[in-house]
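**Q** Attaching a single structure in C-alpha cells format; questions to follow.
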Amino acid sequence: MRQRILFFAPILFLGLLSESAMPQRHGRTDSAHDYGQGVSKTTGAHKLSFRQPTWNLRYKSGSFQLKNEEWLKAEFQEDGSTQKRTPPIISISADQIRAIYFDPKAQKDSDVAQRMPRSGCSYARDRMPNGDSAPASEAFVFWKAPPGPMLRAAERLNQRHPVRLIWSDNGTDKELILTVNHCEYASFAASLHWFVGQRWHDIGRAFPYHGMEHP
C-alpha cells in the first residue's frame, strides 16, 4: 500500500500543477482558462496585456444563500470585462470594503511554503500581484463553479484557511467568509492588500484567534 501511495503522489502533484501552476505573475500569461479578460497598457513602443488569476475558493458563511463548502471562482477585474461573460453572483468594488480579516500565521506559513521548491507550493508564488505593472482592479467578482477534478482530489492534501470580507452595498452591510488553500493563502492575502491599496492599513485586520469561527 505504501508503495502504491508513493507511486501515485507524484502523478497527483503533476496534475495539480497542470491546473493550478499555469497562472503566472499578474500580467504574464496568455492562458484564457485561468485568467480573465486582459487590459492593454502601452509603455513606449510596447503593449503589455495584463490578466488576473482565477481563485478557487470555498464558501463558509455570509450574506448569501449558498451551501457551506460550495465552490466559487473569483477574480480581481480591472476593465469591466464581466459584461462579456456570465454575470457574477457577487461583485465588490474596492471602495465598498469596510474590513478584511485574515490569519497572519497562516499567511506567514504559506509565504514560507511558497519559497520552498519541494513544498509543492512554489507555483503559488507566481500568483502574487505585480504592483509595479498591473493596473488597479475595479471589482472583486465571484461565480459558482467547481474546480477541476485534480484540484478536488488535491483538497485532501492541502489545508484551508479563512478570510472574512465585510462591505457596504447601498447602505446594507454584507459579509463573506471564504477559505483559501494553504499554498495560495499568502498570494491571496497580498492580492486583497493590492486591491484595496493604501486603505489596507485601516481595514486589514488579523483574526483575534485561529479557526473557522467568526472573528
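Labels used: A, B, ... for chains in the order of the C-alpha cells, numbers from 1 for residues in each chain, and numbers from 1 for ligands as shown.
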So that I can see what lies close to Val112 of chain A, please list as a list in words the residues with an atom at most 10 Å from it, counting only C-alpha atoms and leaving out residues fewer than 4 positions away in the same chain.
**A**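 The filter keeps Ala106, Gln107, Lys108, Met116, Ser119, Cys121, Ser122, Cys183 and Ala186 of chain A.
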**Q** So that I have them on file, write out the residues from the current selection with C-alpha atoms, as a short mmCIF file (atom, residue, chain, number, x, y, z; two decimals), in the first residue's frame.
**A**
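Once written, again.cif looks like this:
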data_model
loop_
_atom_site.label_atom_id
_atom_site.label_comp_id
_atom_site.auth_asym_id
_atom_site.auth_seq_id
_atom_site.Cartn_x
_atom_site.Cartn_y
_atom_site.Cartn_z
CA ALA A 106 -1.38 31.14 8.02
CA GLN A 107 -0.19 33.94 5.73
CA LYS A 108 3.37 33.68 7.06
CA MET A 116 10.42 26.18 -0.69
CA SER A 119 6.89 22.05 -0.65
CA CYS A 121 3.55 25.39 -3.11
CA SER A 122 6.19 27.20 -5.14
CA CYS A 183 -0.37 27.12 -0.81
CA ALA A 186 -0.17 34.34 1.11
#
**Q** Need the shell around Val196 of chain A: protein/DNA/RNA residues with any atom at most 10 Å away, counting only C-alpha atoms. Skip same-chain ones fewer than 2 positions apart. Format as a list in words?
**A**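 Close residues of Val196 of chain A: Ser93, Ala94, Asp95, Gln96, Ile97, Ile100, Ala136, Ser137, Glu138, Ser191, Leu192, His193, Trp194, Gln198, Arg199, Trp200, His201, Ile203 and Gly204 of chain A.
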**Q** May I ask which of the residues A:Pro117, A:Pro87, A:Pro162, A:Pro104 is the closest one to Lys60 of chain A, counting only C-alpha atoms?
**A** A:Pro162
**Q** Might you pull out every residue within 7 Å of Ala124 of chain A, with only C-alpha atoms counted and same-chain residues fewer than 3 positions away left off, and present them as a list in words?
**A**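 My reading of the contact set: Ala21, Gln114, Cys121, Arg127, Cys183, Glu184 and Ser187 of chain A.
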**Q** Counting only C-alpha atoms, figure out which residue out of A:His161, A:Ile166, A:Asp109, A:Gln65 gets nearest to Val180 of chain A.
**A** A:His161
**Q** So that I can check the surroundings of segment 55-59 of chain A, please list as number ranges by chain every protein, DNA and RNA residue that reaches within 9 Å of it, counting only C-alpha atoms and ignoring chain neighbours fewer than 6 positions away.
**A** A: 34, 66-75, 145-147, 151, 176-181, 184, 188
**Q** Write out as a list in words the set of residues from segment 146-190 of chain A that DSSP, computed on the backbone, places in helix (DSSP H, G or I).
**A**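 Selecting the helix (DSSP H, G or I) positions of segment 146-190 of chain A gives Pro149, Met150, Leu151, Arg152, Ala153, Ala154, Glu155, Arg156, Leu157, His182, Cys183, Glu184, Tyr185, Ala186, Ser187, Phe188, Ala189 and Ala190 of chain A.
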